[in-house]
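With mmCIF, C-alpha atoms; chains and numbers go by the auth columns inside, this is coords.cif:
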data_protein
loop_
_atom_site.group_PDB
_atom_site.id
_atom_site.type_symbol
_atom_site.label_atom_id
_atom_site.label_comp_id
_atom_site.label_asym_id
_atom_site.label_seq_id
_atom_site.Cartn_x
_atom_site.Cartn_y
_atom_site.Cartn_z
_atom_site.B_iso_or_equiv
_atom_site.auth_seq_id
_atom_site.auth_asym_id
ATOM 1 C CA MET A 1 30.687 16.134 -34.715 0.00 45 A
ATOM 2 C CA ASP A 2 31.154 12.582 -35.809 0.00 46 A
ATOM 3 C CA ILE A 3 29.385 9.562 -34.350 0.00 47 A
ATOM 4 C CA GLY A 4 32.313 8.662 -32.077 0.00 48 A
ATOM 5 C CA GLN A 5 32.236 11.993 -30.309 0.00 49 A
ATOM 6 C CA LEU A 6 28.454 11.816 -29.937 0.00 50 A
ATOM 7 C CA LEU A 7 28.680 8.340 -28.405 0.00 51 A
ATOM 8 C CA ALA A 8 31.450 9.467 -26.041 0.00 52 A
ATOM 9 C CA THR A 9 29.365 12.466 -24.952 0.00 53 A
ATOM 10 C CA ALA A 10 26.317 10.236 -24.439 0.00 54 A
ATOM 11 C CA ALA A 11 28.334 7.744 -22.380 0.00 55 A
ATOM 12 C CA ASN A 12 29.787 10.554 -20.281 0.00 56 A
ATOM 13 C CA LEU A 13 26.345 12.015 -19.653 0.00 57 A
ATOM 14 C CA MET A 14 24.913 8.599 -18.793 0.00 58 A
ATOM 15 C CA LEU A 15 27.750 7.844 -16.379 0.00 59 A
ATOM 16 C CA THR A 16 27.398 11.245 -14.721 0.00 60 A
ATOM 17 C CA GLY A 17 23.670 10.700 -14.268 0.00 61 A
ATOM 18 C CA MET A 18 24.084 7.219 -12.854 0.00 62 A
ATOM 19 C CA VAL A 19 26.743 8.372 -10.385 0.00 63 A
ATOM 20 C CA GLY A 20 24.516 11.277 -9.335 0.00 64 A
ATOM 21 C CA VAL A 21 21.557 8.975 -8.705 0.00 65 A
ATOM 22 C CA PHE A 22 23.756 6.518 -6.805 0.00 66 A
ATOM 23 C CA VAL A 23 25.138 9.266 -4.570 0.00 67 A
ATOM 24 C CA PHE A 24 21.655 10.686 -3.941 0.00 68 A
ATOM 25 C CA LEU A 25 20.200 7.293 -3.020 0.00 69 A
ATOM 26 C CA SER A 26 23.178 6.510 -0.776 0.00 70 A
ATOM 27 C CA LEU A 27 22.712 9.798 1.065 0.00 71 A
ATOM 28 C CA LEU A 28 18.978 9.116 1.367 0.00 72 A
ATOM 29 C CA ILE A 29 19.579 5.673 2.864 0.00 73 A
ATOM 30 C CA ALA A 30 22.155 7.090 5.292 0.00 74 A
ATOM 31 C CA ALA A 31 19.783 9.879 6.362 0.00 75 A
ATOM 32 C CA ILE A 32 16.888 7.464 6.920 0.00 76 A
ATOM 33 C CA THR A 33 19.105 5.115 8.929 0.00 77 A
ATOM 34 C CA ALA A 34 20.374 8.000 11.067 0.00 78 A
ATOM 35 C CA MET A 35 16.843 9.296 11.692 0.00 79 A
ATOM 36 C CA SER A 36 15.691 5.792 12.624 0.00 80 A
ATOM 37 C CA LYS A 37 18.461 5.432 15.177 0.00 81 A
ATOM 38 C CA LEU A 38 17.753 8.904 16.538 0.00 82 A
ATOM 39 C CA ALA A 39 14.025 8.245 16.804 0.00 83 A
ATOM 40 C CA SER A 40 14.564 4.924 18.576 0.00 84 A
ATOM 41 C CA ARG A 41 16.319 6.774 21.419 0.00 85 A
ATOM 42 C CA PHE A 42 13.200 8.826 22.172 0.00 86 A
ATOM 43 C CA GLU A 43 10.692 6.048 21.613 0.00 87 A
ATOM 44 C CA GLN A 44 8.277 5.420 24.467 0.00 88 A
ATOM 45 C CA PRO A 45 7.349 1.812 25.248 0.00 89 A
ATOM 46 C CA VAL A 46 3.953 0.981 23.832 0.00 90 A
ATOM 47 C CA VAL A 47 1.468 -0.520 26.259 0.00 91 A
ATOM 48 C CA MET A 48 -0.846 -2.888 24.489 0.00 92 A
ATOM 49 C CA PRO A 49 -4.414 -2.560 25.760 0.00 93 A
ATOM 50 C CA THR A 50 -6.124 -5.709 26.894 0.00 94 A
ATOM 51 C CA ARG A 51 -8.718 -6.931 24.494 0.00 95 A
ATOM 52 C CA THR A 52 -12.248 -7.174 25.660 0.00 96 A
ATOM 53 C CA PRO A 53 -14.396 -9.782 24.002 0.00 97 A
ATOM 54 C CA SER A 54 -16.606 -8.180 21.431 0.00 98 A
ATOM 55 C CA ILE A 55 -20.322 -8.709 21.504 0.00 99 A
ATOM 56 C CA LYS A 56 -21.321 -10.929 18.664 0.00 100 A
ATOM 57 C CA ALA A 57 -23.895 -9.336 16.472 0.00 101 A
ATOM 58 C CA PRO A 58 -26.910 -11.465 15.667 0.00 102 A
ATOM 59 C CA GLY A 59 -27.172 -12.813 12.163 0.00 103 A
ATOM 60 C CA VAL A 60 -29.493 -11.646 9.460 0.00 104 A
ATOM 61 C CA PRO A 61 -33.126 -11.971 10.567 0.00 105 A
ATOM 62 C CA ASN A 62 -35.133 -14.725 8.909 0.00 106 A
ATOM 63 C CA GLU A 63 -37.656 -12.165 7.640 0.00 107 A
ATOM 64 C CA HIS A 64 -34.919 -10.392 5.655 0.00 108 A
ATOM 65 C CA ILE A 65 -33.710 -13.663 4.169 0.00 109 A
ATOM 66 C CA ALA A 66 -37.266 -14.566 3.150 0.00 110 A
ATOM 67 C CA ALA A 67 -37.805 -11.135 1.560 0.00 111 A
ATOM 68 C CA ILE A 68 -34.542 -11.306 -0.372 0.00 112 A
ATOM 69 C CA SER A 69 -35.286 -14.853 -1.559 0.00 113 A
ATOM 70 C CA ALA A 70 -38.742 -13.795 -2.721 0.00 114 A
ATOM 71 C CA ALA A 71 -37.311 -10.801 -4.586 0.00 115 A
ATOM 72 C CA ILE A 72 -34.735 -12.983 -6.337 0.00 116 A
ATOM 73 C CA ALA A 73 -37.380 -15.531 -7.303 0.00 117 A
ATOM 74 C CA GLN A 74 -39.626 -12.772 -8.650 0.00 118 A
ATOM 75 C CA TYR A 75 -36.741 -11.268 -10.639 0.00 119 A
ATOM 76 C CA LYS A 76 -35.870 -14.654 -12.156 0.00 120 A
ATOM 77 C CA ASN A 77 -39.511 -15.271 -13.097 0.00 121 A
ATOM 78 C CA LYS A 78 -39.739 -11.875 -14.833 0.00 122 A
ATOM 79 C CA GLN A 79 -36.546 -12.579 -16.793 0.00 123 A
ATOM 80 C CA LYS A 80 -38.012 -15.801 -18.215 0.00 124 A
ATOM 81 C CA LEU A 81 -40.891 -13.950 -19.862 0.00 125 A
#

Rewritten as structure tokens:
Amino acid sequence: MDIGQLLATAANLMLTGMVGVFVFLSLLIAAITAMSKLASRFEQPVVMPTRTPSIKAPGVPNEHIAAISAAIAQYKNKQKL
């Protein structure tokens, strides 16, 4: 086989593959669209529940903040040594 025949075979194979992928994706899009239309016929209306105000959680206790601050200060002092 010469280079011309190899290039023609490669182009033919590439074109066949691209057409195959295009056809597959077109069928996939058509199937998804059809299923979406079919599903919308049987869809029940969604009732949104009313929101109740959530109870606000209290913040971090002052004792925890003091303990964390002391631990950070102690860590920084140990790193200086």

In Å, with one decimal, what is the gap from atom CA of A:Val65 to atom CA of A:Thr53?
-> 18.4 Å

Which distance in Å separates atom CA of A:Phe66 and atom CA of A:Ala54, to one decimal?
-> 18.2 Å

Can you work out the spacing between atom CA of A:Ser84 and atom CA of A:Leu72 in Å, to one decimal?
->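 Separation between atom CA of A:Ser84 and atom CA of A:Leu72: 18.3 Å.
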
Report, as lines of an AutoDock Vina configuration file, the centre and edge lengths in Å (one decimal) of the axis-aligned box enclosing every listed atom of stretch 83-97 of chain A, padded by 6 Å on each side.
center_x = 1.0
center_y = -0.5
center_z = 21.8
size_x = 42.7
size_y = 30.6
size_z = 22.1

How would chain A of the given structure read as a file with C-alpha atoms, as an mmCIF file, in the first residue's frame?
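File produced: part05.cif:
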data_model
loop_
_atom_site.group_PDB
_atom_site.id
_atom_site.type_symbol
_atom_site.label_atom_id
_atom_site.label_comp_id
_atom_site.auth_asym_id
_atom_site.auth_seq_id
_atom_site.Cartn_x
_atom_site.Cartn_y
_atom_site.Cartn_z
ATOM 1 C CA MET A 45 0.000 0.000 0.000
ATOM 2 C CA ASP A 46 1.245 3.442 -0.798
ATOM 3 C CA ILE A 47 0.746 6.532 1.343
ATOM 4 C CA GLY A 48 -2.238 7.743 -0.702
ATOM 5 C CA GLN A 49 -4.221 4.600 -0.057
ATOM 6 C CA LEU A 50 -3.345 4.691 3.644
ATOM 7 C CA LEU A 51 -4.504 8.305 3.917
ATOM 8 C CA ALA A 52 -7.731 7.503 2.054
ATOM 9 C CA THR A 53 -8.399 4.560 4.382
ATOM 10 C CA ALA A 54 -7.679 6.731 7.431
ATOM 11 C CA ALA A 55 -10.007 9.475 6.179
ATOM 12 C CA ASN A 56 -12.737 6.932 5.479
ATOM 13 C CA LEU A 57 -12.379 5.429 8.942
ATOM 14 C CA MET A 58 -12.382 8.866 10.571
ATOM 15 C CA LEU A 59 -15.484 9.943 8.658
ATOM 16 C CA THR A 60 -17.283 6.710 9.527
ATOM 17 C CA GLY A 61 -16.463 7.178 13.203
ATOM 18 C CA MET A 62 -17.570 10.792 13.261
ATOM 19 C CA VAL A 63 -20.863 9.971 11.536
ATOM 20 C CA GLY A 64 -21.440 7.113 13.985
ATOM 21 C CA VAL A 65 -20.852 9.369 16.987
ATOM 22 C CA PHE A 66 -23.091 12.070 15.512
ATOM 23 C CA VAL A 67 -25.920 9.598 14.923
ATOM 24 C CA PHE A 68 -25.547 8.136 18.426
ATOM 25 C CA LEU A 69 -25.601 11.554 20.096
ATOM 26 C CA SER A 70 -28.586 12.648 17.994
ATOM 27 C CA LEU A 71 -30.509 9.541 19.030
ATOM 28 C CA LEU A 72 -29.531 10.130 22.662
ATOM 29 C CA ILE A 73 -30.780 13.721 22.570
ATOM 30 C CA ALA A 74 -34.035 12.630 20.911
ATOM 31 C CA ALA A 75 -34.572 9.884 23.504
ATOM 32 C CA ILE A 76 -33.925 12.249 26.423
ATOM 33 C CA THR A 77 -36.284 14.853 24.965
ATOM 34 C CA ALA A 78 -38.999 12.232 24.453
ATOM 35 C CA MET A 79 -38.594 10.892 27.998
ATOM 36 C CA SER A 80 -38.744 14.431 29.385
ATOM 37 C CA LYS A 81 -41.997 15.126 27.581
ATOM 38 C CA LEU A 82 -43.410 11.784 28.692
ATOM 39 C CA ALA A 83 -42.402 12.346 32.308
ATOM 40 C CA SER A 84 -43.902 15.840 32.362
ATOM 41 C CA ARG A 85 -47.331 14.333 31.614
ATOM 42 C CA PHE A 86 -47.255 12.266 34.812
ATOM 43 C CA GLU A 87 -45.642 14.895 37.005
ATOM 44 C CA GLN A 88 -47.495 15.721 40.207
ATOM 45 C CA PRO A 89 -47.564 19.357 41.333
ATOM 46 C CA VAL A 90 -45.060 19.937 44.094
ATOM 47 C CA VAL A 91 -46.399 21.587 47.225
ATOM 48 C CA MET A 92 -43.748 23.696 48.846
ATOM 49 C CA PRO A 93 -43.841 23.381 52.633
ATOM 50 C CA THR A 94 -44.039 26.569 54.613
ATOM 51 C CA ARG A 95 -40.824 27.467 56.298
ATOM 52 C CA THR A 96 -40.770 27.710 60.016
ATOM 53 C CA PRO A 97 -38.254 30.074 61.515
ATOM 54 C CA SER A 98 -35.291 28.159 62.784
ATOM 55 C CA ILE A 99 -34.119 28.574 66.327
ATOM 56 C CA LYS A 100 -30.896 30.473 66.358
ATOM 57 C CA ALA A 101 -28.173 28.593 68.095
ATOM 58 C CA PRO A 102 -26.232 30.535 70.689
ATOM 59 C CA GLY A 103 -22.710 31.526 69.811
ATOM 60 C CA VAL A 104 -19.542 30.027 71.143
ATOM 61 C CA PRO A 105 -19.392 30.342 74.939
ATOM 62 C CA ASN A 106 -16.905 32.856 76.305
ATOM 63 C CA GLU A 107 -15.168 30.105 78.290
ATOM 64 C CA HIS A 108 -14.353 28.235 75.062
ATOM 65 C CA ILE A 109 -13.004 31.382 73.437
ATOM 66 C CA ALA A 110 -10.815 32.067 76.476
ATOM 67 C CA ALA A 111 -9.498 28.482 76.481
ATOM 68 C CA ILE A 112 -8.702 28.568 72.770
ATOM 69 C CA SER A 113 -6.982 31.957 73.089
ATOM 70 C CA ALA A 114 -4.893 30.680 75.990
ATOM 71 C CA ALA A 115 -3.900 27.566 74.041
ATOM 72 C CA ILE A 116 -2.849 29.647 71.036
ATOM 73 C CA ALA A 117 -0.833 32.003 73.228
ATOM 74 C CA GLN A 118 0.870 29.055 74.926
ATOM 75 C CA TYR A 119 1.668 27.457 71.557
ATOM 76 C CA LYS A 120 3.166 30.706 70.241
ATOM 77 C CA ASN A 121 5.280 31.111 73.387
ATOM 78 C CA LYS A 122 6.639 27.557 73.050
ATOM 79 C CA GLN A 123 7.538 28.167 69.396
ATOM 80 C CA LYS A 124 9.677 31.186 70.324
ATOM 81 C CA LEU A 125 11.957 29.092 72.524
#
